[in-house]
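File shown: data-v4.txt (compact mmCIF, C-alpha atoms).
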```txt
# COMPACT_ATOMS: atom_id res chain seq x y z
CA MET A 1 -14.92 -22.53 -5.03
CA GLN A 2 -13.59 -20.27 -2.32
CA GLU A 3 -15.58 -17.15 -1.54
CA SER A 4 -14.83 -14.27 -3.88
CA SER A 5 -13.11 -12.07 -1.29
CA LYS A 6 -10.51 -14.83 -0.85
CA ARG A 7 -9.09 -14.49 -4.32
CA VAL A 8 -6.49 -12.70 -6.39
CA VAL A 9 -7.64 -11.14 -9.66
CA VAL A 10 -5.13 -11.04 -12.50
CA GLY A 11 -5.51 -9.63 -16.00
CA VAL A 12 -4.01 -11.44 -19.00
CA ASP A 13 -3.81 -10.32 -22.60
CA GLY A 14 -1.45 -12.67 -24.40
CA THR A 15 1.68 -10.60 -23.76
CA SER A 16 4.78 -11.82 -21.96
CA GLU A 17 4.22 -9.14 -19.31
CA SER A 18 0.81 -10.55 -18.44
CA GLN A 19 2.28 -14.06 -18.19
CA ILE A 20 4.81 -12.79 -15.66
CA ALA A 21 1.95 -11.16 -13.75
CA LEU A 22 0.04 -14.47 -13.83
CA ARG A 23 2.97 -16.32 -12.30
CA TRP A 24 3.33 -13.66 -9.62
CA ALA A 25 -0.40 -13.86 -8.83
CA VAL A 26 -0.27 -17.65 -8.50
CA GLU A 27 2.62 -17.48 -6.06
CA ALA A 28 0.87 -14.78 -4.01
CA ALA A 29 -2.28 -16.90 -3.93
CA ARG A 30 -0.31 -19.98 -2.91
CA THR A 31 1.30 -18.29 0.08
CA GLY A 32 -2.00 -16.71 1.10
CA GLY A 33 -4.26 -19.72 0.61
CA LEU A 34 -6.27 -17.80 -2.00
CA ALA A 35 -7.94 -18.59 -5.31
CA VAL A 36 -7.06 -16.88 -8.60
CA ARG A 37 -9.56 -15.27 -10.95
CA VAL A 38 -8.12 -14.74 -14.43
CA VAL A 39 -9.66 -11.97 -16.55
CA ARG A 40 -9.23 -11.87 -20.33
CA ALA A 41 -10.98 -8.79 -21.77
CA TYR A 42 -11.16 -7.71 -25.38
CA LEU A 43 -12.78 -5.04 -27.51
CA ASN A 44 -13.94 -5.46 -31.10
CA GLN A 45 -12.38 -2.19 -32.19
CA ALA A 46 -12.55 -3.28 -35.82
CA SER A 47 -16.34 -3.06 -35.67
CA GLU A 48 -15.97 0.72 -35.60
CA TRP A 49 -14.20 0.79 -38.96
CA PRO A 50 -16.26 1.87 -41.97
CA ALA A 51 -17.00 -1.21 -44.06
CA THR A 52 -15.91 -1.04 -47.67
CA ALA A 53 -18.30 -3.85 -48.58
CA GLU A 54 -21.03 -5.75 -46.84
CA GLY A 55 -19.63 -8.29 -44.43
CA SER A 56 -16.04 -7.04 -44.74
CA ILE A 57 -15.59 -6.02 -41.10
CA PRO A 58 -13.29 -8.60 -39.47
CA GLU A 59 -14.46 -10.35 -36.35
CA PRO A 60 -12.23 -10.42 -33.27
CA PRO A 61 -10.34 -13.71 -32.77
CA VAL A 62 -12.51 -14.80 -29.85
CA ASP A 63 -11.32 -18.41 -30.12
CA GLN A 64 -7.76 -17.20 -29.64
CA TYR A 65 -8.73 -15.16 -26.59
CA GLN A 66 -10.59 -18.14 -25.15
CA ALA A 67 -7.55 -20.35 -25.71
CA GLU A 68 -5.35 -17.81 -23.90
CA LEU A 69 -7.76 -17.72 -20.98
CA ASP A 70 -8.08 -21.51 -20.83
CA ALA A 71 -4.30 -21.89 -20.78
CA ALA A 72 -3.98 -19.36 -17.95
CA VAL A 73 -6.70 -21.03 -15.87
CA GLU A 74 -5.08 -24.43 -16.44
CA PHE A 75 -1.76 -22.97 -15.28
CA VAL A 76 -3.45 -21.85 -12.05
CA ARG A 77 -5.22 -25.16 -11.44
CA ASP A 78 -2.09 -27.20 -12.07
CA ARG A 79 -0.37 -25.33 -9.24
CA LEU A 80 -3.16 -24.54 -6.80
CA GLY A 81 -5.84 -27.15 -7.45
CA TYR A 82 -8.90 -27.22 -9.65
CA GLN A 83 -11.16 -25.27 -7.31
CA ALA A 84 -8.61 -22.46 -6.92
CA GLY A 85 -8.71 -21.35 -10.56
CA SER A 86 -11.43 -19.68 -12.59
CA GLY A 87 -11.58 -17.35 -15.59
CA TRP A 88 -13.72 -14.76 -17.33
CA LEU A 89 -13.64 -13.91 -21.01
CA VAL A 90 -15.49 -10.65 -21.52
CA HIS A 91 -16.16 -8.26 -24.37
CA ALA A 92 -15.17 -5.09 -22.53
CA GLY A 93 -12.24 -2.80 -21.94
CA PRO A 94 -9.58 -4.35 -19.68
CA VAL A 95 -9.86 -1.61 -17.08
CA ASP A 96 -13.62 -1.99 -16.72
CA ALA A 97 -13.38 -5.78 -16.61
CA ILE A 98 -10.64 -5.86 -13.98
CA LEU A 99 -12.35 -3.25 -11.81
CA THR A 100 -15.59 -5.24 -11.95
CA GLU A 101 -13.81 -8.32 -10.60
CA ALA A 102 -11.81 -6.24 -8.12
CA ALA A 103 -14.95 -5.15 -6.30
CA ASP A 104 -14.76 -8.13 -3.96
CA ALA A 105 -11.17 -9.32 -4.42
CA GLN A 106 -8.35 -9.25 -1.93
CA MET A 107 -5.72 -8.20 -4.45
CA VAL A 108 -5.37 -7.29 -8.14
CA VAL A 109 -2.27 -8.11 -10.17
CA VAL A 110 -1.41 -6.53 -13.52
CA GLY A 111 1.73 -6.56 -15.62
CA THR A 112 3.62 -3.79 -17.35
CA LYS A 113 6.85 -3.54 -19.29
CA PHE A 114 9.93 -3.66 -17.10
CA ASP A 115 12.36 -1.50 -19.02
CA SER A 116 11.46 0.69 -21.95
CA LYS A 117 11.63 4.33 -22.96
CA LEU A 118 7.85 4.41 -23.05
CA THR A 119 7.30 3.23 -19.47
CA ALA A 120 10.08 5.50 -18.28
CA ALA A 121 7.84 8.38 -19.30
CA VAL A 122 4.27 7.08 -19.08
CA LEU A 123 2.96 4.04 -17.25
CA GLY A 124 0.60 1.81 -19.20
CA SER A 125 -2.94 3.13 -19.09
CA VAL A 126 -4.42 -0.14 -17.79
CA ALA A 127 -1.97 -0.42 -14.90
CA SER A 128 -2.21 3.25 -13.92
CA THR A 129 -6.00 3.43 -14.09
CA VAL A 130 -6.60 0.17 -12.25
CA THR A 131 -4.12 1.18 -9.57
CA ALA A 132 -5.84 4.52 -9.08
CA LYS A 133 -9.39 3.14 -8.92
CA ALA A 134 -9.34 -0.41 -7.56
CA PRO A 135 -10.96 -0.92 -4.12
CA CYS A 136 -8.16 -3.26 -3.01
CA PRO A 137 -4.36 -3.33 -3.18
CA VAL A 138 -2.97 -3.51 -6.72
CA VAL A 139 0.38 -5.09 -7.54
CA VAL A 140 2.03 -3.88 -10.75
CA VAL A 141 4.56 -6.53 -11.76
CA ARG A 142 7.70 -5.53 -13.62
CA GLY A 143 10.19 -8.27 -14.46
CA GLU A 144 10.42 -11.79 -13.09
CA ALA A 145 9.78 -12.52 -9.42
CA ARG A 146 12.84 -12.73 -7.20
CA ASN A 147 13.66 -13.39 -3.58
CA GLY A 148 14.51 -10.56 -1.25
CA PRO A 149 13.07 -8.39 1.48
CA ILE A 150 9.79 -6.53 1.19
CA LEU A 151 10.20 -2.75 1.39
CA VAL A 152 7.48 -0.37 2.53
CA GLY A 153 7.54 3.40 2.77
CA MET A 154 5.94 5.07 5.78
CA ASP A 155 5.33 8.79 6.29
CA GLY A 156 2.71 8.85 9.03
CA SER A 157 -0.26 9.29 6.69
CA ALA A 158 -3.33 7.05 6.81
CA ASP A 159 -2.45 5.62 3.39
CA SER A 160 1.04 4.68 4.48
CA GLU A 161 -0.32 3.01 7.62
CA ASP A 162 -2.47 0.80 5.40
CA ALA A 163 0.59 0.10 3.27
CA VAL A 164 2.56 -0.97 6.34
CA ALA A 165 -0.24 -3.29 7.44
CA PHE A 166 -0.34 -4.86 3.97
CA ALA A 167 3.46 -5.21 3.89
CA PHE A 168 3.54 -6.98 7.26
CA GLU A 169 0.82 -9.36 6.09
CA GLN A 170 2.68 -10.18 2.87
CA ALA A 171 5.96 -10.65 4.74
CA ALA A 172 4.30 -13.04 7.19
CA ARG A 173 2.76 -15.06 4.37
CA SER A 174 5.92 -15.30 2.28
CA ASP A 175 8.39 -15.58 5.16
CA ALA A 176 10.30 -12.63 3.73
CA PRO A 177 12.15 -10.05 5.84
CA LEU A 178 10.61 -6.58 5.92
CA THR A 179 12.19 -3.13 5.79
CA VAL A 180 10.12 -0.12 6.86
CA ALA A 181 11.64 3.10 5.55
CA TYR A 182 11.01 6.76 6.33
CA CYS A 183 12.44 9.29 3.87
CA TRP A 184 13.35 12.79 4.96
CA GLN A 185 15.23 15.74 3.54
CA PRO A 186 17.46 17.55 6.05
CA GLN A 187 17.15 21.32 5.84
CA GLU A 188 19.94 23.82 6.34
CA ARG A 189 18.43 24.92 9.64
CA HIS A 190 17.02 22.62 12.32
CA ASP A 191 15.95 23.14 15.89
CA ALA A 192 18.06 20.07 16.70
CA PRO A 193 21.27 18.63 15.19
CA ILE A 194 20.78 16.23 12.26
CA THR A 195 22.07 13.26 14.25
CA GLU A 196 19.54 14.00 16.98
CA MET A 197 16.76 14.37 14.41
CA ARG A 198 17.64 11.00 12.91
CA ALA A 199 17.47 9.41 16.34
CA LEU A 200 14.08 11.01 17.01
CA LEU A 201 12.74 9.82 13.66
CA GLN A 202 14.08 6.32 14.29
CA ASP A 203 12.30 6.19 17.65
CA TRP A 204 9.10 7.49 16.05
CA LEU A 205 9.25 4.87 13.32
CA VAL A 206 9.84 1.99 15.72
CA GLU A 207 6.97 3.17 17.92
CA ASN A 208 4.57 3.51 14.99
CA ILE A 209 5.12 -0.01 13.69
CA GLY A 210 4.94 -1.55 17.15
CA THR A 211 1.34 -2.73 16.75
CA TYR A 212 2.15 -4.54 13.51
CA ALA A 213 5.34 -6.05 14.90
CA ASP A 214 3.36 -7.43 17.85
CA LYS A 215 0.69 -8.84 15.52
CA TYR A 216 3.29 -10.54 13.29
CA PRO A 217 6.07 -11.60 15.68
CA GLY A 218 7.52 -14.00 13.10
CA VAL A 219 8.39 -11.20 10.67
CA ALA A 220 12.04 -10.13 10.71
CA VAL A 221 11.66 -6.36 10.50
CA ARG A 222 14.16 -3.53 10.36
CA THR A 223 13.62 0.23 10.17
CA ARG A 224 15.59 2.72 8.09
CA ILE A 225 15.75 6.50 8.03
CA ILE A 226 16.76 7.52 4.50
CA GLU A 227 17.77 10.96 3.33
CA GLY A 228 16.35 12.16 0.02
CA ARG A 229 13.15 12.53 -1.94
CA PRO A 230 10.88 9.51 -1.24
CA ALA A 231 10.37 8.49 -4.88
CA THR A 232 14.09 8.57 -5.65
CA ALA A 233 15.31 7.13 -2.35
CA LEU A 234 12.88 4.20 -2.37
CA ALA A 235 13.46 3.37 -6.04
CA GLU A 236 17.19 3.13 -5.38
CA LEU A 237 16.53 0.34 -2.87
CA THR A 238 14.57 -1.89 -5.23
CA ASP A 239 17.44 -3.73 -6.94
CA ASP A 240 17.43 -6.44 -4.27
CA THR A 241 13.80 -6.09 -3.17
CA SER A 242 11.05 -8.61 -3.91
CA LEU A 243 8.17 -6.16 -3.44
CA LEU A 244 7.82 -2.43 -2.79
CA VAL A 245 4.67 -1.33 -0.97
CA VAL A 246 3.42 2.25 -0.92
CA GLY A 247 0.26 4.16 -0.14
CA SER A 248 -1.53 5.79 -3.03
CA ARG A 249 -1.66 9.42 -1.95
CA GLY A 250 0.53 9.99 1.09
CA ARG A 251 -0.01 13.51 2.42
CA GLY A 252 -1.68 14.84 -0.72
CA GLY A 253 -3.67 13.85 -3.76
CA VAL A 254 -7.20 13.79 -5.08
CA THR A 255 -9.43 11.15 -3.59
CA GLY A 256 -10.46 8.51 -6.08
CA LEU A 257 -9.02 10.29 -9.11
CA LEU A 258 -5.24 10.37 -9.13
CA LEU A 259 -2.34 8.55 -7.53
CA GLY A 260 0.05 10.64 -5.51
CA SER A 261 3.25 11.77 -7.20
CA VAL A 262 5.43 9.41 -5.15
CA SER A 263 3.44 6.28 -6.03
CA GLN A 264 3.21 7.36 -9.69
CA SER A 265 6.97 7.81 -9.89
CA LEU A 266 7.69 4.50 -8.17
CA LEU A 267 5.39 2.64 -10.55
CA ARG A 268 7.49 3.98 -13.42
CA HIS A 269 10.96 3.62 -11.96
CA SER A 270 10.94 0.79 -9.40
CA ARG A 271 12.97 -2.24 -10.41
CA CYS A 272 10.68 -4.69 -8.63
CA PRO A 273 6.90 -5.25 -8.37
CA VAL A 274 5.06 -2.40 -6.66
CA ALA A 275 1.98 -2.80 -4.49
CA VAL A 276 -0.14 0.32 -4.17
CA VAL A 277 -2.53 0.35 -1.23
CA ARG A 278 -5.32 2.88 -1.57
CA ARG A 279 -7.40 3.76 1.47
CA GLN A 280 -11.12 3.61 0.78
CA VAL A 281 -13.26 6.50 1.97
CA ALA A 282 -16.94 7.27 1.66
CA ALA A 283 -16.32 9.93 -0.99
CA ASP A 284 -14.79 7.41 -3.45
```

Final structure tokens representation of the file:
Amino acid sequence: MQESSKRVVVGVDGTSESQIALRWAVEAARTGGLAVRVVRAYLNQASEWPATAEGSIPEPPVDQYQAELDAAVEFVRDRLGYQAGSGWLVHAGPVDAILTEAADAQMVVVGTKFDSKLTAAVLGSVASTVTAKAPCPVVVVRGEARNGPILVGMDGSADSEDAVAFAFEQAARSDAPLTVAYCWQPQERHDAPITEMRALLQDWLVENIGTYADKYPGVAVRTRIIEGRPATALAELTDDTSLLVVGSRGRGGVTGLLLGSVSQSLLRHSRCPVAVVRRQVAAD
């Protein structure tokens, strides 16, 4: 078995969304030469019910959960080889189980519903909590995988720099083109004309990704200066995008507790998988 840090962790739960996430994780592992660790967690919530008679509390269908896990691991091994797939069935909450496995993983993948009134308002608790707390990049998969460029938002913050590094790495592995976007909102008054400001921002963006472009010369990269609020402007570009990459906090946020407002909004409204890259600091 490959060393644990060379693996992708994916959570499954028997839903179609988790199966889509599993397929995405396998493809990411294939392009990166990684193993896949499948986590199937469950809680015996029925054990908390008051029993009406001795022995009347139903047991959780552990055999069913095991069968789901076995099928997922077999799916991985059929595509990546026997040694590249492993699984863990655990009596625990899914968040705790995934975060335990994420401690030494390279990436975590979770699924969520692609289009519903519920996710338009509130992201699933598992996806949002794992994304906020995992010590590695988390990909929240919405809808089936598709071809297209990788899109990453950059704003000059440390988190966005980590996001750009991750995006370049993924683009190099998948042979996908990469777009690096900076979003800005022109004000009524500027020290310089808007056209001049756009040119200055374009030069700044090209300069700031120079190190990554040199490291990954095979990546076809373009830069874009986009007017508008970052969450809205980036979401509008995801119709033809294979992956959107963002930092977790940008210029604000609470370390280790909450995602930034931009990443939260994009997780709800992006029309493609979203990778959230959270910088780790000693205070976490």

Do you have the atom CA of A:Leu201-atom CA of A:Asp239 distance handy?
25.1 Å

Ref. answer, residues at most 12 Å from (3.5, -10.9, 5.6) with all atoms listed in the file, as a PDB file with C-alpha atoms, in the coordinates of the input:
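Below is the file selection-v4.pdb, written as the result:
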```
ATOM      1  CA  ALA A  28       0.870 -14.780  -4.010  1.00  0.00           C
ATOM      2  CA  THR A  31       1.300 -18.290   0.080  1.00  0.00           C
ATOM      3  CA  GLY A  32      -2.000 -16.710   1.100  1.00  0.00           C
ATOM      4  CA  PRO A 149      13.070  -8.390   1.480  1.00  0.00           C
ATOM      5  CA  ILE A 150       9.790  -6.530   1.190  1.00  0.00           C
ATOM      6  CA  LEU A 151      10.200  -2.750   1.390  1.00  0.00           C
ATOM      7  CA  VAL A 152       7.480  -0.370   2.530  1.00  0.00           C
ATOM      8  CA  ALA A 163       0.590   0.100   3.270  1.00  0.00           C
ATOM      9  CA  VAL A 164       2.560  -0.970   6.340  1.00  0.00           C
ATOM     10  CA  ALA A 165      -0.240  -3.290   7.440  1.00  0.00           C
ATOM     11  CA  PHE A 166      -0.340  -4.860   3.970  1.00  0.00           C
ATOM     12  CA  ALA A 167       3.460  -5.210   3.890  1.00  0.00           C
ATOM     13  CA  PHE A 168       3.540  -6.980   7.260  1.00  0.00           C
ATOM     14  CA  GLU A 169       0.820  -9.360   6.090  1.00  0.00           C
ATOM     15  CA  GLN A 170       2.680 -10.180   2.870  1.00  0.00           C
ATOM     16  CA  ALA A 171       5.960 -10.650   4.740  1.00  0.00           C
ATOM     17  CA  ALA A 172       4.300 -13.040   7.190  1.00  0.00           C
ATOM     18  CA  ARG A 173       2.760 -15.060   4.370  1.00  0.00           C
ATOM     19  CA  SER A 174       5.920 -15.300   2.280  1.00  0.00           C
ATOM     20  CA  ASP A 175       8.390 -15.580   5.160  1.00  0.00           C
ATOM     21  CA  ALA A 176      10.300 -12.630   3.730  1.00  0.00           C
ATOM     22  CA  PRO A 177      12.150 -10.050   5.840  1.00  0.00           C
ATOM     23  CA  LEU A 178      10.610  -6.580   5.920  1.00  0.00           C
ATOM     24  CA  THR A 179      12.190  -3.130   5.790  1.00  0.00           C
ATOM     25  CA  TYR A 212       2.150  -4.540  13.510  1.00  0.00           C
ATOM     26  CA  ALA A 213       5.340  -6.050  14.900  1.00  0.00           C
ATOM     27  CA  LYS A 215       0.690  -8.840  15.520  1.00  0.00           C
ATOM     28  CA  TYR A 216       3.290 -10.540  13.290  1.00  0.00           C
ATOM     29  CA  PRO A 217       6.070 -11.600  15.680  1.00  0.00           C
ATOM     30  CA  GLY A 218       7.520 -14.000  13.100  1.00  0.00           C
ATOM     31  CA  VAL A 219       8.390 -11.200  10.670  1.00  0.00           C
ATOM     32  CA  ALA A 220      12.040 -10.130  10.710  1.00  0.00           C
ATOM     33  CA  VAL A 221      11.660  -6.360  10.500  1.00  0.00           C
ATOM     34  CA  LEU A 243       8.170  -6.160  -3.440  1.00  0.00           C
ATOM     35  CA  VAL A 245       4.670  -1.330  -0.970  1.00  0.00           C
TER      36      VAL A 245
END
```

One-decimal distance in Å that lies between atom CA of A:Asp96 and atom CA of A:Leu266:
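Distance reported for this atom pair: 23.9 Å.
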
Which one of A:Arg279, A:Pro273, A:Val76, A:Lys113 sits closest to A:Ala134 if you count only C-alpha atoms?
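That would be A:Arg279, the residue with the smallest distance to A:Ala134.
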
For the atom pair atom CA of A:Pro60 and atom CA of A:Ala97, what is the interatomic distance in Å to one decimal place?
17.3 Å

Residue contacts of A:Gly14 (9 Å, only C-alpha atoms) excluding same-chain residues fewer than 5 positions away, as a list in words:
Gln19, Arg40, Tyr65, Glu68 and Leu69 of chain A

Would you kindly identify which residues have an atom no farther than 8 Å from (4.7, -0.5, -12.1), using all atoms listed in the file and the file's own coordinates, and write them out as an MDAnalysis selection string?
chainID A and resid 111:112 114 123 127 139:142 266:270 273:274

Just checking: using all atoms listed in the file, which residue out of A:Ala105, A:Gly156, A:Gly33, A:Gln66 ends up closest to A:Gly81?
A:Gly33

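Counting only C-alpha atoms and comparing A:Gln264, A:Asn147, A:Gln64, A:Ser128, the residue that lies closest to A:Trp24 is A:Asn147.
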
Contacts of A:Ala233 at 10 Å (all atoms listed in the file; same-chain gap of 2+ positions) as a PyMOL selection string:
chain A and resi 181-184+226-231+235-238+266

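Proximity of A:Val206, A:Gly11, A:Asp240, A:Ala29 to A:Val126, computed with all atoms listed in the file, is greatest for A:Gly11.
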
Centre and edge lengths, as JSON, for the axis-aligned box enclosing every listed atom of stretch 102-108 of chain A with 8 Å of padding on each of the six sides, in Å to one decimal?
```
{"center_x": -10.2, "center_y": -7.2, "center_z": -5.0, "size_x": 25.6, "size_y": 20.2, "size_z": 22.2}
```

Using only C-alpha atoms, which residue out of A:Asp78, A:Ala71, A:Val9, A:Leu89 lies closest to A:Ala102?
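The closest residue to A:Ala102 is A:Val9.
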
Which is closer to A:Glu101 than all the others in A:Arg222, A:Arg198, A:Cys136, A:Asp70, using only C-alpha atoms?
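Among A:Arg222, A:Arg198, A:Cys136, A:Asp70, it is A:Cys136 that comes nearest to A:Glu101.
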